[in-house]
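Have a look at the structure below before the remarks.
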Amino acid sequence: MASANSLFDDMRSKPEVIDPPQTEDMTDIGETVNDPVQNAIKPNVAAVSSSVRELLECPVCLNAMYPPIHQCSNGHTLCSGCKPRVHNRCPTCRHELGNIRCLALEKIAASLELPCKYQSFGCAGIYPYYSKLKHEGQCSFRPYNCPYAGSECTVMGDVPYLVAHLKDDHKVDMHGGSTFNHRYVKSNPHEVENATWMLTVFSCFGQYFCLHFEAFQLGMAPVYMAFLRYMGDDGEAKNYSYSLEVGGNGRKVIWQGVPRSIRDSHRKVRDSFDGLMIQRNMALFFSGGDRKELKLRVTGRIWKEQ
Ligand SMILES: [Zn+2]
Ligand SMILES: [Zn+2]
Ligand SMILES: [Zn+2]
Ligand SMILES: [Zn+2]
């Protein structure tokens with residue numbers, strides 16, 4: 001009676017939970033293993049590798065799996081990041097997970113060559129499975145985050161897309177040319193501890209640059225900071241330099257720097273003090289008048305290094 005029951009349990013649970021994914025999996029693996037050379041040149045390679053890619057997707061976190069890939073005794077796979085979190089139960093069939101490595105899948109992964117995930121952004125690279133992730137972390141076609149500071153904007157894209165986004169959605173000031181002369185005015189600067197002024201986007205040398213200006217509390221002292229970011233990668237940012245000048249009452253402070261790539265977050269640049277910094281007391285001294293109003297004139301220039 002007991003054995004009949006457990007057999008019945010087995011039969012009932014197997015077709016529902018275990019068999020369908022196993023059958024599918026085995027078909028896909030079979031195709032790839034039997035015919036790797038032909039698959040590499042056949043036009044259906046994309047279809048085959050996309051089903052293999054699904055196989056390599058962890059059923060829990062949905063990320064691509066990298067060695068060690070684990071499996072339960074029924075063959076369901078799981079990534080090593082999720083394994084410690086499932087309390088030794090297979091998340092697919094609920095059987096005990098144990099400590100079985102899925103070497104076959106690891107080897108299939110090693111034989112795969114996949115296009116970079118930023119293909120649609122222009123990257124033509126094809127990478128072995130295990131080095132694809134590393135490439136994508138550094139791919140020069142990977143989209144940039146929106147450089148607008150002081151908002152939780154999650155928009156991403158290439159530079160032309162972001163320039164249009166800054167213009168249309170953030171209403172930023174667009175400025176042509178490589179020199180500028182800006183006035184930053186704040187009527188009650190003593191009340192302000194953190195403020196971000198409207199971003200200005202400069203277009204010169206066929207490139208785009210973002211000028212940030214803001215106030216924040218540095219230790220006990222309120223400061224103003226201005227810096228330039230380059231809308232492009234770090235390697236190209238180094239081809240440019242810029243200067244910023246602020247002053248009044250016969251004094252001035254000059255900063256010369258290298259624009260930072262927008263790959264570096266606005267916050268990171270700010271925290272590294274890589275820009276023109278002015279203590280509020282000095283800023284008010286530059287402003288003249290009765291220190292009730294901040295009136296800073298910032299002039300600047302961008303140039304291309306030879
Ligand atoms: Zn996972
Ligand atoms: Zn399982
Ligand atoms: Zn790429
Ligand atoms: Zn944005």
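Letters A, B, ... go to the chains of the structure tokens in the order shown; residues in each chain start at 1; ligands are counted from 1 in the same order.
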
field: Shell around Pro59 (chain A) at 9 Å using only C-alpha atoms, local window under 6 positions removed, as number ranges by chain
entry: A: 76-79, 91-92

message: If DSSP is run on the backbone, what residues of region 93-260 of chain A are strand (DSSP E)? A reply as JSON, numbers by chain would be ideal.
response: {"A": [100, 101, 113, 114, 115, 126, 127, 128, 144, 145, 156, 157, 173, 174, 175, 176, 179, 180, 181, 182, 183, 184, 185, 186, 195, 196, 200, 201, 202, 203, 204, 207, 208, 209, 210, 211, 212, 213, 214, 215, 216, 217, 218, 221, 222, 223, 224, 225, 226, 227, 228, 229, 230, 240, 241, 242, 243, 244, 245, 246, 247, 248, 251, 252, 253, 254, 255, 256, 257, 260]}

message: Taking only C-alpha atoms and all ligand atoms into account, which residues have an atom no farther than 12 Å from ligand 3? I'd like them as a VMD selection string.
response: chain A and resid 114 to 127 131 to 143

Give me, as CSV, the closest atom pair and its distance (Å, one decimal) for every residue of chain A within a cut-off of 10 Å of ligand 1, counting only C-alpha atoms and all ligand atoms, rows sorted by chain and rising number.
residue,atom,partner,partner_atom_place_in_ligand_line,distance
A:Glu57,CA,ligand 1,1 (Zn),7.8
A:Cys58,CA,ligand 1,1 (Zn),4.6
A:Pro59,CA,ligand 1,1 (Zn),6.5
A:Val60,CA,ligand 1,1 (Zn),4.9
A:Cys61,CA,ligand 1,1 (Zn),4.0
A:Leu62,CA,ligand 1,1 (Zn),6.1
A:Asn63,CA,ligand 1,1 (Zn),6.0
A:Ala64,CA,ligand 1,1 (Zn),7.8
A:Met65,CA,ligand 1,1 (Zn),7.0
A:Tyr66,CA,ligand 1,1 (Zn),9.7
A:Ile69,CA,ligand 1,1 (Zn),9.5
A:Thr77,CA,ligand 1,1 (Zn),9.3
A:Leu78,CA,ligand 1,1 (Zn),5.9
A:Cys79,CA,ligand 1,1 (Zn),4.3
A:Ser80,CA,ligand 1,1 (Zn),6.7
A:Gly81,CA,ligand 1,1 (Zn),5.5
A:Cys82,CA,ligand 1,1 (Zn),4.3
A:Lys83,CA,ligand 1,1 (Zn),7.3
A:Pro84,CA,ligand 1,1 (Zn),9.9
A:Arg85,CA,ligand 1,1 (Zn),9.2
A:Val86,CA,ligand 1,1 (Zn),9.9

Proximity check chain A to ligand 2, 8 Å, nearest pairs one decimal Å, only C-alpha atoms and all ligand atoms, as a tab-separated table:
residue	atom	partner	partner_atom_place_in_ligand_line	distance
A:Ile18	CA	ligand 2	1 (Zn)	7.2
A:Gln71	CA	ligand 2	1 (Zn)	7.2
A:Cys72	CA	ligand 2	1 (Zn)	4.8
A:Ser73	CA	ligand 2	1 (Zn)	6.5
A:Asn74	CA	ligand 2	1 (Zn)	5.0
A:Gly75	CA	ligand 2	1 (Zn)	6.1
A:His76	CA	ligand 2	1 (Zn)	4.5
A:Thr77	CA	ligand 2	1 (Zn)	7.4
A:Arg89	CA	ligand 2	1 (Zn)	7.9
A:Cys90	CA	ligand 2	1 (Zn)	4.6
A:Pro91	CA	ligand 2	1 (Zn)	6.6
A:Thr92	CA	ligand 2	1 (Zn)	5.0
A:Cys93	CA	ligand 2	1 (Zn)	4.1
A:Arg94	CA	ligand 2	1 (Zn)	6.0
A:His95	CA	ligand 2	1 (Zn)	5.6
A:Glu96	CA	ligand 2	1 (Zn)	7.7
A:Leu97	CA	ligand 2	1 (Zn)	7.1

Write the selection just made, keeping N, CA and C atoms, as a CSV table (one decimal), in the first residue's frame?
chain,number,residue,atom,x,y,z
A,18,ILE,N,8.4,17.9,-13.4
A,18,ILE,CA,9.7,17.6,-13.8
A,18,ILE,C,9.9,17.3,-15.3
A,71,GLN,N,23.0,21.8,-10.0
A,71,GLN,CA,21.8,21.1,-10.5
A,71,GLN,C,21.3,20.2,-9.4
A,72,CYS,N,19.9,19.9,-9.4
A,72,CYS,CA,19.4,19.0,-8.4
A,72,CYS,C,19.5,17.6,-9.1
A,73,SER,N,19.1,16.6,-8.3
A,73,SER,CA,19.2,15.2,-8.8
A,73,SER,C,18.3,15.0,-10.0
A,74,ASN,N,17.3,15.9,-10.2
A,74,ASN,CA,16.4,15.7,-11.4
A,74,ASN,C,16.9,16.6,-12.6
A,75,GLY,N,18.0,17.2,-12.4
A,75,GLY,CA,18.6,18.0,-13.5
A,75,GLY,C,18.2,19.4,-13.6
A,76,HIS,N,17.5,20.0,-12.6
A,76,HIS,CA,17.2,21.4,-12.7
A,76,HIS,C,18.4,22.2,-12.3
A,77,THR,N,18.6,23.3,-13.0
A,77,THR,CA,19.9,24.0,-12.7
A,77,THR,C,19.6,25.3,-11.9
A,89,ARG,N,16.8,23.3,-1.2
A,89,ARG,CA,15.6,22.7,-2.0
A,89,ARG,C,15.7,23.2,-3.4
A,90,CYS,N,15.5,22.3,-4.3
A,90,CYS,CA,15.5,22.8,-5.7
A,90,CYS,C,14.2,23.7,-5.9
A,91,PRO,N,14.4,24.9,-6.4
A,91,PRO,CA,13.3,25.8,-6.6
A,91,PRO,C,12.3,25.3,-7.6
A,92,THR,N,12.7,24.4,-8.5
A,92,THR,CA,11.8,24.0,-9.6
A,92,THR,C,11.0,22.8,-9.1
A,93,CYS,N,11.6,21.7,-8.5
A,93,CYS,CA,10.9,20.5,-8.2
A,93,CYS,C,10.8,20.3,-6.7
A,94,ARG,N,11.4,21.2,-5.9
A,94,ARG,CA,11.4,21.1,-4.4
A,94,ARG,C,12.1,19.9,-3.8
A,95,HIS,N,12.8,19.1,-4.7
A,95,HIS,CA,13.6,18.0,-4.1
A,95,HIS,C,14.9,18.6,-3.5
A,96,GLU,N,15.5,17.7,-2.6
A,96,GLU,CA,16.7,18.2,-2.0
A,96,GLU,C,17.8,18.5,-3.1
A,97,LEU,N,18.5,19.6,-2.9
A,97,LEU,CA,19.4,20.1,-3.9
A,97,LEU,C,20.7,19.3,-4.0

Tell me, counting only C-alpha atoms and all ligand atoms, for each residue of chain A within 8 Å of ligand 4, which pair of atoms is nearest and how far apart they are in Å to one decimal, in rows ordered by chain and increasing number, as a Markdown table.
| residue | atom | partner | partner_atom_place_in_ligand_line | distance |
| --- | --- | --- | --- | --- |
| A:Asn145 | CA | ligand 4 | 1 (Zn) | 7.9 |
| A:Cys146 | CA | ligand 4 | 1 (Zn) | 4.6 |
| A:Pro147 | CA | ligand 4 | 1 (Zn) | 6.7 |
| A:Tyr148 | CA | ligand 4 | 1 (Zn) | 5.5 |
| A:Ser151 | CA | ligand 4 | 1 (Zn) | 7.7 |
| A:Glu152 | CA | ligand 4 | 1 (Zn) | 7.9 |
| A:Cys153 | CA | ligand 4 | 1 (Zn) | 4.6 |
| A:Thr154 | CA | ligand 4 | 1 (Zn) | 6.5 |
| A:Val155 | CA | ligand 4 | 1 (Zn) | 5.3 |
| A:Met156 | CA | ligand 4 | 1 (Zn) | 7.9 |
| A:Leu162 | CA | ligand 4 | 1 (Zn) | 7.5 |
| A:His165 | CA | ligand 4 | 1 (Zn) | 6.4 |
| A:Leu166 | CA | ligand 4 | 1 (Zn) | 6.1 |
| A:Asp169 | CA | ligand 4 | 1 (Zn) | 6.9 |
| A:His170 | CA | ligand 4 | 1 (Zn) | 6.4 |

Restricting it to N, CA and C atoms, dump the selection as an mmCIF file, in the first residue's frame.
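Result file is again.cif:
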data_model
loop_
_atom_site.group_PDB
_atom_site.id
_atom_site.type_symbol
_atom_site.label_atom_id
_atom_site.label_comp_id
_atom_site.auth_asym_id
_atom_site.auth_seq_id
_atom_site.Cartn_x
_atom_site.Cartn_y
_atom_site.Cartn_z
ATOM 1 N N ASN A 145 23.993 56.985 -18.513
ATOM 2 C CA ASN A 145 22.884 57.464 -17.693
ATOM 3 C C ASN A 145 22.667 58.943 -17.997
ATOM 4 N N CYS A 146 21.451 59.384 -17.813
ATOM 5 C CA CYS A 146 21.147 60.806 -17.978
ATOM 6 C C CYS A 146 22.034 61.612 -17.025
ATOM 7 N N PRO A 147 22.758 62.620 -17.547
ATOM 8 C CA PRO A 147 23.694 63.365 -16.687
ATOM 9 C C PRO A 147 23.042 64.439 -15.824
ATOM 10 N N TYR A 148 21.731 64.601 -15.948
ATOM 11 C CA TYR A 148 21.058 65.649 -15.181
ATOM 12 C C TYR A 148 21.155 65.345 -13.691
ATOM 13 N N SER A 151 18.005 64.941 -9.774
ATOM 14 C CA SER A 151 16.725 64.279 -9.992
ATOM 15 C C SER A 151 16.999 62.795 -10.062
ATOM 16 N N GLU A 152 15.971 62.023 -9.916
ATOM 17 C CA GLU A 152 16.151 60.577 -9.954
ATOM 18 C C GLU A 152 15.879 60.061 -11.370
ATOM 19 N N CYS A 153 16.372 60.765 -12.353
ATOM 20 C CA CYS A 153 16.094 60.390 -13.733
ATOM 21 C C CYS A 153 16.773 59.065 -14.067
ATOM 22 N N THR A 154 16.026 58.147 -14.649
ATOM 23 C CA THR A 154 16.582 56.828 -14.962
ATOM 24 C C THR A 154 16.769 56.628 -16.467
ATOM 25 N N VAL A 155 16.613 57.713 -17.221
ATOM 26 C CA VAL A 155 16.738 57.595 -18.674
ATOM 27 C C VAL A 155 18.180 57.239 -19.057
ATOM 28 N N MET A 156 18.326 56.318 -19.994
ATOM 29 C CA MET A 156 19.648 55.943 -20.493
ATOM 30 C C MET A 156 19.628 56.001 -22.012
ATOM 31 N N LEU A 162 20.547 61.447 -25.407
ATOM 32 C CA LEU A 162 20.526 62.160 -24.129
ATOM 33 C C LEU A 162 20.509 63.671 -24.318
ATOM 34 N N HIS A 165 17.033 64.480 -24.945
ATOM 35 C CA HIS A 165 16.290 64.285 -23.691
ATOM 36 C C HIS A 165 16.521 65.457 -22.726
ATOM 37 N N LEU A 166 17.776 65.919 -22.607
ATOM 38 C CA LEU A 166 18.080 67.041 -21.713
ATOM 39 C C LEU A 166 17.349 68.298 -22.173
ATOM 40 N N ASP A 169 13.119 67.227 -22.086
ATOM 41 C CA ASP A 169 12.486 66.819 -20.833
ATOM 42 C C ASP A 169 12.998 67.591 -19.625
ATOM 43 N N HIS A 170 14.264 67.977 -19.627
ATOM 44 C CA HIS A 170 14.793 68.728 -18.482
ATOM 45 C C HIS A 170 14.877 70.221 -18.772
#
